[in-house]
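Enquirer: My questions will all concern the structure given below.
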Amino acid sequence: MKIIQKVVVLEHGQGGKVRLHYDEAVALWLLANTGEPFYPGIVQTILGGRVYSWKAPKRDIAKWRQELKERGVYLLPPHSHEKGEIDCAATLVAKELGIYDDPLFKGVIDHVLKVDIEGTKDPFDISRCFETVVAQNLHDPLKYLSWLFHYLDAKYAQQFEFFRLQTEADKVTKIVKIGKAQVAIVQSDHEVAKSAVMNKYKPDLVVLINSSGNVQIFSLSYRIKFPDVVRAVRVDEQFKLHGYLINYGDDLLKSQIYGDGGRWFYHIEAKNLYNGSLTRPDVSPTLLTQEELITAIKKAIYQLRSNCDGEICTKRDCPHYVYGFTKCRAVRKKMYEKLQKNSKQ
């Protein structure tokens with residue numbers, strides 16, 4: 001096979017200048033990642049910015065593409081939706097390269113096809129952002145291709161890590177059943193570990209423990225009342241840090257409190273609890289051990305002690321009183337309502 005020295009697209013726009021569409025640019029990225037075994041020299045050609053546009057002659061395109069390939073020219077497969085064709089340049093290239101169903105590329109391929117057929121109104125969709133960069137760099141295809149390739153390379157690396165972690169999830173994950181709830185304890189420093197574990201085990205709660213000792217807790221199910229998890233963790237952290245409580249009651253559900261030494265940030269909208277993160281590596285690790293974290297979560301799930309009759313709250317005589325759990329408050333409310341009713345009789 002001839003060494004590919006030119007990559008050609010059928011021209012778009014006016015003046016014969018290359019103005020690549022999003023699906024064509026993604027097709028070039030697929031070729032740059034996996035095309036070398038099929039088309040020697042194509043990676044260097046694309047990354048060297050040697051991409052040209054031609055007008056399509058009135059002839060058999062498939063035959064013309066084959067002739068060009070023998071001359072060391074790769075013509076991006078043209079497509080048209082006018083005849084109901086459900087394909088775009090990226091999907092056609094993916095099929096040529098045998099990666100159309102590869103899960104590592106599937107997300108990108110599905111997205112580019114959907115955008116190519118339906119379009120998008122989201123001005124911050126990657127395809128619209130690409131169009132903006134192209135418009136500002138019309139005469140410099142290498143600049144806007146480089147911009148898109150950096151993004152797609154990052155997405156590919158993220159997907160690769162996701163599938164790797166899914167494969168190795170059993171080695172880093174412990175599943176703890178608490179009542180009807182399933183809690184995944186994950187030892188990992190990768191930000192996609194949570195997604196990989198979620199996809200494989202479908203847990204109600206993920207506790208991600210970093211090698212630094214920092215922890216992130218993610219709520220994934222209605223089965224667990226997450227504010228009670230926040231209460232339990234913050235109360236236990238304060239007791240371990242000071243031996244007594246500084247923050248209690250509804251203060252425990254604020255985004256940040258001082259009582260835990262600023263160790264835990266409660267993302268109220270997302271229902272997640274962070275003891276540091278990739279963007280906050282300076283946060284001191286929790287003092288709670290893995291077993292103590294599991295114990296705190298168990299308290300939050302069961303809430304009432306085994307000897308609680310659900311009728312009378314013993315208040316400070318009960319070690320769960322300080323947490324202010326949902327069920328505990330419901331018992332107290334019921335008890336007070338009953339006392340008020342009896343006092344009126």
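As shown in the structure tokens, the chain order sets the letters A, B, ...; within each chain, residues go from 1, and ligands are also counted from 1 in the order they appear.
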List as a compact mmCIF listing (two decimals) with N, CA and C atoms, in the first residue's frame the protein and nucleic acid residues near A:Cys129, meaning an atom at most 12 Å away when only C-alpha atoms are counted, but skip any in the same chain fewer than 2 places from it.
Expert:
# COMPACT_ATOMS: atom_id res chain seq x y z
N HIS A 21 -16.35 20.22 9.01
CA HIS A 21 -17.49 20.02 9.89
C HIS A 21 -17.04 19.19 11.09
N TYR A 22 -17.84 19.23 12.14
CA TYR A 22 -17.49 18.52 13.37
C TYR A 22 -17.31 17.02 13.12
N THR A 120 -27.87 20.68 17.47
CA THR A 120 -28.00 20.98 18.89
C THR A 120 -28.18 22.46 19.10
N LYS A 121 -29.00 22.81 20.08
CA LYS A 121 -29.23 24.22 20.41
C LYS A 121 -28.36 24.68 21.57
N ASP A 122 -27.64 23.75 22.15
CA ASP A 122 -26.79 24.07 23.29
C ASP A 122 -25.52 24.76 22.80
N PRO A 123 -25.34 26.06 23.12
CA PRO A 123 -24.16 26.78 22.62
C PRO A 123 -22.85 26.28 23.22
N PHE A 124 -22.93 25.48 24.30
CA PHE A 124 -21.72 24.98 24.94
C PHE A 124 -21.48 23.50 24.67
N ASP A 125 -22.29 22.92 23.78
CA ASP A 125 -22.01 21.56 23.32
C ASP A 125 -20.66 21.58 22.58
N ILE A 126 -19.88 20.52 22.71
CA ILE A 126 -18.53 20.51 22.13
C ILE A 126 -18.56 20.77 20.63
N SER A 127 -19.61 20.32 19.94
CA SER A 127 -19.69 20.54 18.49
C SER A 127 -19.85 22.02 18.16
N GLU A 131 -17.24 24.67 16.26
CA GLU A 131 -17.60 25.60 15.19
C GLU A 131 -17.09 27.01 15.48
N THR A 132 -17.16 27.40 16.74
CA THR A 132 -16.69 28.73 17.14
C THR A 132 -15.18 28.86 16.93
N VAL A 133 -14.45 27.82 17.35
CA VAL A 133 -12.99 27.84 17.19
C VAL A 133 -12.63 27.84 15.71
N VAL A 134 -13.36 27.08 14.90
CA VAL A 134 -13.11 27.04 13.45
C VAL A 134 -13.32 28.43 12.85
N ALA A 135 -14.43 29.08 13.23
CA ALA A 135 -14.75 30.40 12.67
C ALA A 135 -13.65 31.43 12.96
N GLN A 136 -12.98 31.27 14.11
CA GLN A 136 -11.92 32.21 14.49
C GLN A 136 -10.57 31.84 13.88
N TYR A 144 -7.43 24.50 14.91
CA TYR A 144 -8.71 24.03 15.46
C TYR A 144 -8.76 22.51 15.58
N TRP A 147 -7.04 21.77 18.86
CA TRP A 147 -7.95 22.10 19.97
C TRP A 147 -8.91 20.94 20.23
N LEU A 148 -9.53 20.43 19.16
CA LEU A 148 -10.49 19.34 19.32
C LEU A 148 -9.80 18.04 19.72
N TYR A 151 -9.16 17.72 23.41
CA TYR A 151 -10.38 17.39 24.15
C TYR A 151 -10.72 15.91 23.99
Enquirer: Show which residues sit within 12 Å of stretch 296-305 of chain A, as a ChimeraX atom specification. Count only C-alpha atoms, and ignore same-chain residues fewer than 6 positions away.
Expert: /A:176-185,204-207,217,219,222-237,288-290,311-314,317-332
Enquirer: Using only C-alpha atoms, which residues sit within 12 Å of A:Tyr39 once same-chain residues fewer than 6 positions away are excluded, as a list in words?
Expert: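 The residues that qualify are Met1, Lys2, Ile3, Ile4, Gln5, Lys6, Val7, Leu31, Ala32, Asn33, Thr45, Ile46, Lys69, Glu70, Arg71, Gly72, Val73, Tyr74, Leu75, Val93, Glu96 and Leu97 of chain A.
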Enquirer: Step one, run DSSP on the backbone; step two, keep only residues of stretch 24-161 of chain A assigned to helix (DSSP H, G or I); then write them as a ChimeraX atom specification.
Expert: /A:24-34,42-47,61-70,89-97,103-118,126-136,141-161
Enquirer: Which of stretch 123-200 of chain A counts as strand (DSSP E) under DSSP, as a PyMOL selection string please?
Expert: chain A and resi 173-178+181-187
Enquirer: May I ask which of the residues A:Val172, A:Ala270, A:Val43, A:Leu339 is the closest one to A:Ala196, counting only C-alpha atoms?
Expert: A:Val172
Enquirer: Please list as an mmCIF file with N, CA and C atoms, in the first residue's frame every residue within 8 Å of stretch 253-266 of chain A, counting only C-alpha atoms and excluding residues in the same chain fewer than 6 positions away.
Expert:
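Contents of result-v7.cif, as written:
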data_model
loop_
_atom_site.group_PDB
_atom_site.id
_atom_site.type_symbol
_atom_site.label_atom_id
_atom_site.label_comp_id
_atom_site.auth_asym_id
_atom_site.auth_seq_id
_atom_site.Cartn_x
_atom_site.Cartn_y
_atom_site.Cartn_z
ATOM 1 N N PRO A 227 -28.968 13.326 54.346
ATOM 2 C CA PRO A 227 -28.692 14.266 55.436
ATOM 3 C C PRO A 227 -28.365 13.545 56.753
ATOM 4 N N VAL A 230 -24.766 12.609 56.674
ATOM 5 C CA VAL A 230 -23.961 13.800 56.958
ATOM 6 C C VAL A 230 -23.902 14.048 58.462
ATOM 7 N N ARG A 231 -25.064 13.961 59.117
ATOM 8 C CA ARG A 231 -25.122 14.152 60.569
ATOM 9 C C ARG A 231 -24.213 13.149 61.291
ATOM 10 N N ARG A 234 -20.362 13.770 60.653
ATOM 11 C CA ARG A 234 -19.859 15.000 61.269
ATOM 12 C C ARG A 234 -19.852 14.924 62.803
ATOM 13 N N GLU A 237 -16.934 12.616 63.675
ATOM 14 C CA GLU A 237 -15.659 13.313 63.427
ATOM 15 C C GLU A 237 -15.350 14.275 64.574
ATOM 16 N N GLN A 238 -16.368 14.998 65.043
ATOM 17 C CA GLN A 238 -16.156 15.954 66.132
ATOM 18 C C GLN A 238 -15.771 15.253 67.429
ATOM 19 N N LEU A 241 -12.245 14.213 67.117
ATOM 20 C CA LEU A 241 -11.323 15.345 67.067
ATOM 21 C C LEU A 241 -11.213 16.076 68.412
ATOM 22 N N LEU A 245 -19.015 17.912 71.180
ATOM 23 C CA LEU A 245 -19.606 18.547 69.994
ATOM 24 C C LEU A 245 -19.477 20.065 70.050
ATOM 25 N N ILE A 246 -19.089 20.644 68.924
ATOM 26 C CA ILE A 246 -19.111 22.098 68.757
ATOM 27 C C ILE A 246 -20.337 22.480 67.926
ATOM 28 N N ASN A 247 -20.574 21.727 66.847
ATOM 29 C CA ASN A 247 -21.750 21.944 65.994
ATOM 30 C C ASN A 247 -22.712 20.773 66.164
ATOM 31 N N ASN A 272 -23.690 15.065 48.152
ATOM 32 C CA ASN A 272 -22.396 14.409 48.318
ATOM 33 C C ASN A 272 -21.670 15.051 49.492
ATOM 34 N N LEU A 273 -20.776 14.286 50.119
ATOM 35 C CA LEU A 273 -20.005 14.782 51.252
ATOM 36 C C LEU A 273 -18.528 14.575 50.947
ATOM 37 N N TYR A 274 -17.768 15.679 50.946
ATOM 38 C CA TYR A 274 -16.373 15.618 50.515
ATOM 39 C C TYR A 274 -15.407 15.910 51.662
ATOM 40 N N ASN A 275 -14.481 15.002 51.873
ATOM 41 C CA ASN A 275 -13.343 15.259 52.758
ATOM 42 C C ASN A 275 -12.144 15.464 51.826
ATOM 43 N N GLY A 276 -12.097 16.659 51.217
ATOM 44 C CA GLY A 276 -11.092 16.919 50.185
ATOM 45 C C GLY A 276 -11.522 16.347 48.855
ATOM 46 N N VAL A 283 -7.039 19.654 51.992
ATOM 47 C CA VAL A 283 -7.912 19.367 53.130
ATOM 48 C C VAL A 283 -7.346 18.204 53.946
ATOM 49 N N SER A 284 -7.331 18.353 55.259
ATOM 50 C CA SER A 284 -6.808 17.300 56.136
ATOM 51 C C SER A 284 -7.677 16.049 56.041
ATOM 52 N N PRO A 285 -7.074 14.866 55.964
ATOM 53 C CA PRO A 285 -7.847 13.620 55.889
ATOM 54 C C PRO A 285 -8.700 13.433 57.142
ATOM 55 N N THR A 286 -9.805 12.743 57.008
ATOM 56 C CA THR A 286 -10.662 12.434 58.144
ATOM 57 C C THR A 286 -9.908 11.591 59.172
#
